[in-house]
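Source file: data.txt; contents: compact mmCIF, C-alpha atoms and all ligand atoms.
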# COMPACT_ATOMS: atom_id res chain seq x y z
CA MET G 180 9.72 -6.51 -5.58
CA VAL G 181 11.28 -4.15 -3.08
CA GLU G 182 14.95 -4.19 -2.19
CA LEU G 183 16.85 -1.80 0.03
CA LYS G 184 20.58 -2.27 0.44
CA ASP G 185 22.21 -0.45 3.33
CA VAL G 186 19.91 2.54 2.99
CA SER G 187 20.16 5.61 5.17
CA VAL G 188 18.03 8.75 4.98
CA THR G 189 19.11 11.90 6.73
CA TYR G 190 16.76 14.87 6.40
CA SER G 191 18.23 18.33 5.89
CA SER G 192 17.33 19.04 9.53
CA GLY G 193 19.95 16.44 10.48
CA VAL G 194 17.45 13.78 11.60
CA ASP G 195 18.51 10.24 10.68
CA ALA G 196 15.13 8.77 9.72
CA LEU G 197 16.53 5.47 8.40
CA GLU G 198 19.94 4.02 9.26
CA HIS G 199 21.59 1.20 7.31
CA VAL G 200 18.31 -0.48 6.39
CA SER G 201 18.50 -3.60 4.23
CA LEU G 202 15.38 -5.55 3.34
CA LYS G 203 13.91 -7.50 0.48
CA ILE G 204 10.25 -8.15 -0.25
CA ASN G 205 9.94 -10.59 -3.12
CA ASP G 206 7.23 -10.64 -5.76
CA GLY G 207 4.13 -12.28 -4.33
CA ASP G 208 5.10 -11.69 -0.69
CA PHE G 209 2.97 -10.10 2.02
CA ALA G 210 4.86 -8.13 4.65
CA PHE G 211 3.73 -6.09 7.61
CA VAL G 212 5.99 -3.16 8.50
CA VAL G 213 5.42 -2.17 12.11
CA GLY G 214 6.85 0.59 14.22
CA ALA G 215 5.88 3.36 16.60
CA SER G 216 5.26 6.91 15.47
CA GLY G 217 8.52 8.46 14.33
CA ALA G 218 10.17 5.09 13.64
CA GLY G 219 10.69 5.82 9.93
CA LYS G 220 7.71 4.09 8.29
CA SER G 221 6.58 7.09 6.22
CA THR G 222 10.15 7.75 5.19
CA LEU G 223 10.33 4.18 3.88
CA ILE G 224 7.14 4.66 1.84
CA LYS G 225 8.36 7.98 0.43
CA LEU G 226 11.59 6.28 -0.65
CA LEU G 227 9.71 3.54 -2.50
CA LEU G 228 7.64 6.12 -4.39
CA LYS G 229 10.75 8.19 -5.06
CA GLU G 230 9.26 11.18 -3.30
CA ILE G 231 12.61 11.39 -1.52
CA ASP G 232 16.03 9.89 -2.29
CA ALA G 233 18.25 7.78 -0.09
CA THR G 234 21.18 9.66 1.37
CA SER G 235 23.20 6.47 0.88
CA GLY G 236 22.51 2.91 -0.20
CA THR G 237 20.38 1.61 -3.07
CA VAL G 238 16.64 1.16 -3.53
CA THR G 239 15.05 -1.06 -6.18
CA VAL G 240 11.28 -1.26 -6.70
CA ASN G 241 9.58 -3.49 -9.27
CA GLY G 242 12.75 -3.61 -11.33
CA TYR G 243 13.39 0.15 -11.20
CA GLN G 244 16.70 1.21 -9.69
CA LEU G 245 15.56 4.36 -7.94
CA ASN G 246 18.97 5.94 -7.33
CA THR G 247 19.53 6.37 -11.04
CA LEU G 248 15.90 6.63 -12.20
CA LYS G 249 15.30 9.66 -14.41
CA LYS G 250 12.62 12.11 -13.26
CA LYS G 251 10.52 11.52 -16.37
CA LYS G 252 10.37 7.80 -15.52
CA ILE G 253 8.88 8.38 -12.05
CA PRO G 254 5.23 8.23 -13.25
CA GLU G 255 5.98 4.88 -14.90
CA LEU G 256 7.41 3.55 -11.61
CA ARG G 257 4.39 4.83 -9.67
CA ARG G 258 1.98 3.12 -12.04
CA THR G 259 3.39 -0.21 -10.87
CA ILE G 260 2.38 0.63 -7.29
CA GLY G 261 -1.11 0.94 -5.79
CA ILE G 262 -1.39 2.93 -2.58
CA VAL G 263 -4.00 2.76 0.16
CA PHE G 264 -4.00 5.63 2.66
CA GLN G 265 -5.24 5.83 6.22
CA ASP G 266 -7.59 8.69 5.33
CA PHE G 267 -8.94 6.98 2.18
CA ARG G 268 -8.45 10.06 -0.08
CA LEU G 269 -11.56 9.44 -2.14
CA ILE G 270 -12.94 12.17 -4.37
CA SER G 271 -16.13 13.28 -2.63
CA SER G 272 -17.86 14.57 -5.77
CA MET G 273 -17.52 11.20 -7.53
CA THR G 274 -19.45 7.98 -7.07
CA VAL G 275 -17.73 4.77 -5.99
CA TYR G 276 -17.64 3.64 -9.61
CA ASP G 277 -16.09 6.88 -10.81
CA ASN G 278 -13.54 7.02 -7.99
CA ILE G 279 -12.23 3.68 -9.20
CA ALA G 280 -12.65 4.28 -12.94
CA PHE G 281 -10.87 7.65 -12.65
CA VAL G 282 -7.50 5.90 -12.22
CA LEU G 283 -7.93 4.17 -15.57
CA ARG G 284 -9.38 7.22 -17.31
CA VAL G 285 -6.35 9.39 -16.50
CA ILE G 286 -4.06 6.88 -18.17
CA ASN G 287 -6.40 6.63 -21.17
CA SER G 288 -7.35 2.98 -20.75
CA PRO G 289 -9.82 1.82 -23.41
CA LYS G 290 -13.47 2.37 -22.43
CA ALA G 291 -14.36 -1.27 -23.02
CA PHE G 292 -11.60 -2.32 -20.61
CA ILE G 293 -12.80 0.16 -17.95
CA ARG G 294 -16.37 -1.14 -18.25
CA LYS G 295 -15.13 -4.66 -17.49
CA ARG G 296 -12.34 -3.99 -15.01
CA VAL G 297 -14.14 -1.60 -12.64
CA PRO G 298 -17.10 -3.92 -11.92
CA TYR G 299 -14.64 -6.78 -11.50
CA VAL G 300 -12.63 -5.06 -8.76
CA MET G 301 -15.84 -3.76 -7.15
CA GLY G 302 -17.00 -7.36 -7.02
CA LEU G 303 -13.74 -8.49 -5.40
CA MET G 304 -14.16 -5.84 -2.72
CA GLY G 305 -17.87 -6.53 -2.17
CA LEU G 306 -18.88 -3.13 -3.50
CA LYS G 307 -21.23 -3.99 -6.36
CA GLU G 308 -24.29 -2.59 -4.55
CA LYS G 309 -22.47 0.66 -3.81
CA ALA G 310 -21.43 1.57 -7.35
CA HIS G 311 -23.61 4.70 -7.44
CA ALA G 312 -23.07 5.80 -3.85
CA TYR G 313 -20.92 8.81 -2.94
CA PRO G 314 -18.14 8.55 -0.33
CA THR G 315 -20.16 10.45 2.30
CA GLU G 316 -22.81 7.72 2.09
CA LEU G 317 -20.33 5.00 3.03
CA SER G 318 -18.99 3.62 6.31
CA GLY G 319 -15.27 3.82 7.06
CA GLY G 320 -14.81 0.17 6.17
CA GLU G 321 -16.63 0.66 2.86
CA MET G 322 -14.56 3.74 2.05
CA GLN G 323 -11.41 1.76 2.64
CA ARG G 324 -12.69 -1.03 0.40
CA VAL G 325 -13.20 1.56 -2.36
CA ALA G 326 -9.66 2.82 -1.76
CA ILE G 327 -8.32 -0.73 -2.06
CA ALA G 328 -10.33 -1.30 -5.25
CA ARG G 329 -8.87 1.92 -6.63
CA ALA G 330 -5.34 0.81 -5.73
CA LEU G 331 -5.96 -2.52 -7.40
CA VAL G 332 -7.75 -1.47 -10.57
CA ASN G 333 -4.61 -0.81 -12.60
CA ASP G 334 -3.24 -4.25 -11.67
CA PRO G 335 -0.15 -2.97 -9.82
CA LYS G 336 2.75 -5.27 -8.97
CA LEU G 337 2.88 -3.88 -5.45
CA ILE G 338 0.27 -2.50 -3.08
CA ILE G 339 1.48 -0.29 -0.27
CA ALA G 340 -1.14 0.12 2.43
CA ASP G 341 -0.20 2.99 4.76
CA GLU G 342 -1.99 2.49 8.11
CA PRO G 343 -5.10 1.31 6.21
CA THR G 344 -6.95 0.41 9.40
CA GLY G 345 -6.12 3.63 11.26
CA ASN G 346 -9.57 5.13 10.76
CA ILE G 347 -11.81 2.10 11.06
CA ASP G 348 -13.29 -0.05 13.82
CA PRO G 349 -11.22 -2.99 15.08
CA GLU G 350 -13.58 -5.64 13.71
CA LEU G 351 -13.64 -4.04 10.27
CA SER G 352 -9.86 -3.67 10.44
CA TYR G 353 -9.65 -7.43 10.49
CA GLU G 354 -11.79 -7.57 7.37
CA ILE G 355 -9.61 -5.00 5.58
CA VAL G 356 -6.42 -6.95 6.27
CA GLY G 357 -8.23 -10.10 5.13
CA LEU G 358 -9.00 -8.39 1.81
CA LEU G 359 -5.37 -7.39 1.41
CA LYS G 360 -4.42 -11.01 2.10
CA THR G 361 -6.85 -12.18 -0.58
CA ILE G 362 -5.37 -9.76 -3.10
CA ASN G 363 -1.92 -11.06 -2.16
CA MET G 364 -3.02 -14.64 -2.72
CA GLN G 365 -3.91 -13.66 -6.26
CA GLY G 366 -0.31 -12.63 -6.88
CA THR G 367 0.05 -8.97 -5.92
CA THR G 368 2.88 -8.13 -3.53
CA VAL G 369 1.52 -6.32 -0.46
CA MET G 370 3.35 -4.18 2.08
CA MET G 371 1.12 -3.05 4.91
CA VAL G 372 2.49 -0.40 7.25
CA THR G 373 0.89 -0.21 10.67
CA HIS G 374 1.48 0.51 14.32
CA GLU G 375 -1.25 -1.92 15.37
CA HIS G 376 0.73 -4.79 16.86
CA GLU G 377 -2.38 -6.66 18.00
CA LEU G 378 -3.80 -6.88 14.49
CA VAL G 379 -0.47 -8.08 13.12
CA LYS G 380 -0.22 -10.76 15.79
CA ARG G 381 -3.65 -12.10 14.88
CA PHE G 382 -2.71 -12.48 11.23
CA GLY G 383 0.94 -13.43 11.55
CA GLY G 384 3.19 -13.76 8.50
CA ARG G 385 6.27 -11.74 7.69
CA ILE G 386 6.77 -8.91 10.14
CA ILE G 387 9.40 -6.23 9.66
CA SER G 388 9.75 -4.10 12.76
CA ILE G 389 11.39 -0.67 12.66
CA THR G 390 12.57 1.24 15.72
CA ASP G 391 14.36 4.59 15.46
CA GLY G 392 15.15 4.11 11.78
CA GLN G 393 16.55 0.61 12.12
CA ILE G 394 15.13 -2.82 11.40
CA VAL G 395 15.08 -4.61 14.73
CA TYR G 396 13.12 -7.69 13.64
CA ASP G 397 12.33 -9.31 10.30
CA ASP G 398 10.87 -12.78 10.51
CA ILE G 399 7.77 -14.93 10.02
CA MET G 400 5.48 -15.09 13.02
CA GLU G 401 2.62 -17.54 13.35
CA GLY G 402 -0.76 -15.82 13.59
CA THR G 403 -3.02 -16.39 16.59
CA ASP G 404 -6.23 -16.75 14.62
CA TYR G 405 -5.63 -16.69 10.89
CA GLU G 406 -4.80 -19.55 8.58
CA THR G 407 -2.34 -18.64 5.85
P1 LIG N 1 6.74 7.27 11.04
O1 LIG N 1 6.07 7.26 9.71
O2 LIG N 1 7.17 5.88 11.48
O3 LIG N 1 5.93 7.95 12.08
P2 LIG N 1 8.62 9.13 9.82
O4 LIG N 1 9.28 8.42 8.70
O5 LIG N 1 7.54 10.10 9.50
O6 LIG N 1 8.13 8.06 10.92
O7 LIG N 1 9.75 9.94 10.64
C1 LIG N 1 11.01 9.38 11.00
C2 LIG N 1 11.84 10.49 11.64
O8 LIG N 1 12.16 11.48 10.67
C3 LIG N 1 11.14 11.21 12.78
O9 LIG N 1 12.10 11.57 13.72
C4 LIG N 1 10.58 12.45 12.09
O10 LIG N 1 10.43 13.50 13.00
C5 LIG N 1 11.63 12.75 11.05
N1 LIG N 1 11.09 13.38 9.82
C6 LIG N 1 10.10 12.92 9.04
N2 LIG N 1 9.91 13.73 7.97
C7 LIG N 1 10.81 14.72 8.08
C8 LIG N 1 11.14 15.88 7.29
N3 LIG N 1 10.49 16.14 6.15
N4 LIG N 1 12.14 16.68 7.71
C9 LIG N 1 12.81 16.41 8.85
N5 LIG N 1 12.56 15.35 9.65
C10 LIG N 1 11.58 14.50 9.27
What do you get writing this file as structure tokens?
Amino acid sequence: MVELKDVSVTYSSGVDALEHVSLKINDGDFAFVVGASGAGKSTLIKLLLKEIDATSGTVTVNGYQLNTLKKKKIPELRRTIGIVFQDFRLISSMTVYDNIAFVLRVINSPKAFIRKRVPYVMGLMGLKEKAHAYPTELSGGEMQRVAIARALVNDPKLIIADEPTGNIDPELSYEIVGLLKTINMQGTTVMMVTHEHELVKRFGGRIISITDGQIVYDDIMEGTDYET
């Protein structure tokens, strides 16, 4: 769950990146956040991860009240969130399997659990055949599927996908959003940030549009070729 109440962010340079933003994304929802470059999308993501603090207003994520959250609790908050980046951020020296398993190894998950969970998420993402491949041996779409599997492996409450289709072909972009939709249907809240209006229109659903730090639209739009 994500809730912003009257949130503004002013950077030390004086730029107002977000102005009086209020929004709520409930558990189990799927929301697209759209906006041009400079609109405030990255600022919103940084707020949710508590990489920056709101200048005013309150931010709640997955039950954590971020304004008052102690520094030592930040890793706990971040473990409830899976993130997918535009540039994949896979570890090039590790296989697909190890890129995904790594997330669980660093939090000391039991080995038996890792051996079950990693193949399961690889299966969901259609990556079973690629378990032993290295990132350089994969296509952009495959790399992004690994990144989604990695975001998903720790069973987060919320997945934030930051321009996940920015580096892949349009047809594969459609597939990537479809995978995020499938994950959402299994109960994970998904917030996908993008500037690709065409893709969003095809899928439809909840669309939150930001312009110059303000929410100018937040409603459900019917997709042109996707059944929800
Ligand atoms: P988007 O992700 O939609 O492209 P950003 O959130 O990165 O937008 O930026 C929103 C506004 O805040 C822009 O005017 C940008 O130049 C400014 N901005 C972003 N990061 C910083 C920063 N660290 N310091 C000062 N200004 C920033």
Query raised in the report: Can you tell me which residues sit at most 12 Å away from ligand LIG 1 (chain N), counting only C-alpha atoms and all ligand atoms, written as a PyMOL selection string?
Result: chain G and resi 187-198+212-226+230-232+265+341-342+372-374+388-394
Query raised in the report: Which residue out of G:Val395, G:Ala310, G:Leu317, G:Ile327 has the minimum interatomic distance to Ser201 in chain G when all atoms listed in the file are used?
Result: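 Counting all atoms listed in the file, the residue closest to Ser201 in chain G is G:Val395.
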Requested in this report: May I ask for the distance between CA of Ser352 in chain G and CA of Gln323 in chain G, given in Å to one decimal place?
Outcome: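 Answer for the CA of Ser352 in chain G to CA of Gln323 in chain G separation: 9.6 Å.
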Report summary line: CA of Ile260 in chain G to CA of Tyr243 in chain G measures 11.7 Å
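Distance-wise, CA of Phe211 in chain G and CA of Ile399 in chain G end up 10.0 Å apart.
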Query raised in the report: Nearest to Phe382 in chain G among G:Val181, G:Ala210, G:Leu202, G:Ile339, with distances taken over only C-alpha atoms: which residue is it?
Result: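 Nearest to Phe382 in chain G: G:Ala210.
The smallest atom-to-atom distance between Asp208 in chain G and any of G:Val325, G:Val186, G:Met180, G:Pro254, using only C-alpha atoms, is found for G:Met180.
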Requested in this report: Tell me, as a count of residues only, which residues lie within 9 Å of Tyr313 in chain G, counting all atoms listed in the file; anything in the same chain fewer than 4 positions away does not count.
Outcome: 8
**Report entry** Point (-9.8, 6.6, -8.0), cut-off 12 Å, counting only C-alpha atoms, residues as an MDAnalysis selection string
**Finding:** chainID G and resid 261:263 267:286 297 314 322:333
